[in-house]
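A.B. asks: mmCIF, C-alpha atoms, file target.cif:
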```cif
data_work
loop_
_atom_site.label_atom_id
_atom_site.label_comp_id
_atom_site.auth_asym_id
_atom_site.auth_seq_id
_atom_site.Cartn_x
_atom_site.Cartn_y
_atom_site.Cartn_z
CA MET A 20 276.74 178.18 -36.03
CA GLY A 21 273.59 179.27 -34.10
CA GLU A 22 271.72 179.18 -37.36
CA GLU A 23 272.83 175.62 -38.00
CA PHE A 24 271.48 174.55 -34.62
CA GLY A 25 268.23 176.49 -35.23
CA LYS A 26 267.62 174.57 -38.45
CA SER A 27 267.92 171.28 -36.59
CA GLY A 28 265.63 172.47 -33.71
CA LEU A 29 268.36 173.16 -31.17
CA TYR A 30 269.04 176.58 -29.67
CA ILE A 31 271.65 178.24 -27.49
CA ASP A 32 270.33 180.53 -24.76
CA ASP A 33 271.92 183.59 -23.09
CA LEU A 34 273.91 181.34 -20.75
CA TYR A 35 275.24 179.42 -23.73
CA SER A 36 273.29 176.30 -22.81
CA LEU A 37 271.97 174.03 -25.50
CA ARG A 38 268.14 174.09 -25.63
CA VAL A 39 265.52 172.21 -27.57
CA ILE A 40 263.11 175.17 -27.42
CA ASP A 41 263.67 178.64 -28.79
CA PRO A 42 264.74 180.89 -25.87
CA GLU A 43 261.97 183.39 -26.63
CA VAL A 44 259.38 180.61 -26.52
CA ALA A 45 260.94 179.34 -23.26
CA ASN A 46 260.79 182.86 -21.77
CA GLU A 47 257.17 183.27 -22.83
CA THR A 48 256.39 179.80 -21.45
CA ASN A 49 257.94 180.75 -18.09
CA TRP A 50 256.08 184.05 -18.12
CA LEU A 51 252.82 182.21 -18.91
CA LYS A 52 253.57 179.72 -16.12
CA ASN A 53 254.06 182.58 -13.64
CA GLU A 54 250.88 184.28 -14.85
CA CYS A 55 248.97 180.99 -14.44
CA GLU A 56 250.32 180.56 -10.90
CA GLN A 57 249.28 184.12 -10.03
CA PHE A 58 245.89 183.53 -11.60
CA THR A 59 245.49 180.30 -9.61
CA GLU A 60 246.41 182.12 -6.37
CA THR A 61 244.00 184.93 -7.20
CA LEU A 62 241.30 182.41 -8.04
CA SER A 63 241.90 180.56 -4.75
CA SER A 64 241.70 183.83 -2.86
CA PHE A 65 238.51 184.69 -4.72
CA ARG A 66 237.10 181.26 -3.84
CA ARG A 67 237.84 181.84 -0.12
CA ILE A 68 236.12 185.22 -0.30
CA ILE A 69 233.11 183.65 -2.05
CA ASP A 70 232.94 180.91 0.62
CA GLN A 71 233.05 183.53 3.39
CA PHE A 72 230.39 185.55 1.60
CA ALA A 73 228.22 182.44 1.19
CA ASN A 74 228.54 181.70 4.93
CA ILE A 75 227.57 185.27 5.80
CA ILE A 76 224.58 185.08 3.44
CA GLU A 77 223.49 181.75 4.97
CA GLU A 78 223.67 183.24 8.48
CA PHE A 79 221.75 186.29 7.32
CA ALA A 80 219.13 184.08 5.62
CA SER A 81 218.77 182.10 8.85
CA GLU A 82 218.24 185.32 10.83
CA VAL A 83 215.74 186.55 8.25
CA ASP A 84 213.83 183.26 8.48
CA GLN A 85 213.75 183.51 12.28
CA GLU A 86 212.46 187.09 12.12
CA LYS A 87 209.91 186.07 9.51
CA MET A 88 208.65 183.27 11.75
CA ARG A 89 208.50 185.66 14.71
CA ALA A 90 206.58 188.19 12.60
CA VAL A 91 204.13 185.51 11.46
CA GLY A 92 203.64 184.48 15.10
CA VAL A 93 202.98 188.07 16.15
CA GLN A 94 200.61 188.55 13.22
CA ASN A 95 198.67 185.40 14.16
CA MET A 96 198.53 186.55 17.77
CA LEU A 97 197.16 189.93 16.66
CA LYS A 98 194.54 188.23 14.52
CA THR A 99 193.54 186.10 17.51
CA PHE A 100 193.26 189.19 19.72
CA SER A 101 191.23 190.93 17.04
CA LYS A 102 188.82 188.00 16.75
CA GLN A 103 188.57 187.81 20.53
CA ARG A 104 187.80 191.52 20.70
CA GLU A 105 185.14 191.17 18.01
CA SER A 106 183.60 188.26 19.91
CA GLU A 107 183.59 190.23 23.16
CA GLN A 108 182.11 193.24 21.37
CA GLN A 109 179.32 191.10 19.91
CA GLN A 110 178.63 189.61 23.34
CA ILE A 111 178.47 193.08 24.90
CA GLN A 112 176.16 194.26 22.09
CA SER A 113 173.92 191.27 22.82
CA GLU A 114 173.84 192.11 26.51
CA ILE A 115 173.03 195.76 25.71
CA ILE A 116 170.11 194.66 23.51
CA GLU A 117 168.87 192.31 26.25
CA LYS A 118 169.08 195.11 28.83
CA MET A 119 167.27 197.53 26.50
CA VAL A 120 164.45 195.00 26.01
CA GLU A 121 164.31 194.45 29.76
CA LEU A 122 164.24 198.24 30.31
CA ASP A 123 161.37 198.62 27.86
CA LYS A 124 159.44 195.85 29.65
CA LEU A 125 160.10 197.50 33.02
CA LYS A 126 158.97 200.89 31.68
CA ILE A 127 155.75 199.34 30.41
CA GLU A 128 155.25 197.56 33.73
CA TYR A 129 155.96 200.80 35.61
CA GLN A 130 153.40 202.69 33.53
CA TYR A 131 150.90 199.90 34.13
CA LEU A 132 151.56 200.00 37.87
CA GLN A 133 151.24 203.81 37.88
CA ARG A 134 147.90 203.51 36.17
CA ILE A 135 146.73 200.87 38.66
CA GLU A 136 147.95 203.05 41.54
CA SER A 137 146.16 206.00 40.07
CA GLU A 138 142.96 204.00 39.69
CA GLN A 139 143.25 202.64 43.22
CA GLN A 140 143.90 206.09 44.60
CA GLU A 141 140.87 207.33 42.73
CA MET A 142 138.80 204.52 44.20
CA ILE A 143 140.04 205.32 47.68
CA ASP A 144 139.27 208.99 47.18
CA ASN A 145 135.80 208.10 45.93
CA PHE A 146 135.24 205.79 48.86
CA TYR A 147 136.14 208.53 51.36
CA GLN A 148 133.99 211.04 49.61
CA ASN A 149 130.99 208.76 49.59
CA GLN A 150 131.16 208.10 53.30
#
```
Please, can you express the file's structure as structure tokens?

C.D. replies:
Amino acid sequence: MGEEFGKSGLYIDDLYSLRVIDPEVANETNWLKNECEQFTETLSSFRRIIDQFANIIEEFASEVDQEKMRAVGVQNMLKTFSKQRESEQQQIQSEIIEKMVELDKLKIEYQYLQRIESEQQEMIDNFYQNQ
């Protein structure tokens, strides 16, 4: 009798209920349904994890950007200090050169004055000797 129903597309399951689908196909369909539900739950869980990961990455990227900006600021400040130091060094070098030129002039003037003093002393000595 089960074969007669099977030929017409009707089946009797283990509980002796009349079915339109073969019980094995129904069992596989239920199994596939359960597997799909588990897969959907797993996929949802995975999606939550991915969202959490994306949030963490965004926070980390924000922190990295802040540190990068701070580093650029520090680097610019160091460049400014370096240029300032170079400017000060050039100014000091200029002052040193000016002082060296002034020293040379004073040395020449001192030698000139020593020679004049020597000549005047010689004249004074000559004057006293002639009197």

A.B. asks: Do you have the atom CA of A:Gln148-atom CA of A:Glu128 distance handy?

C.D. replies: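 Interatomic distance here is 29.8 Å.
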
A.B. asks: Work out how far atom CA of A:Gln112 is from atom CA of A:Gln130, in Å to one decimal.

C.D. replies: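 Separating atom CA of A:Gln130 from atom CA of A:Gln112 is a distance of 26.8 Å.
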
A.B. asks: For A:Arg38, please output as a PyMOL selection string all residues within 6 Å (counting all atoms listed in the file; exclusion window: fewer than 6 positions along the same chain).

C.D. replies: chain A and resi 29-31

A.B. asks: Between atom CA of A:Lys126 and atom CA of A:Asn145, measure the distance and give it in Å to one decimal.

C.D. replies: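 We find that atom CA of A:Lys126 and atom CA of A:Asn145 lie 28.1 Å from each other.
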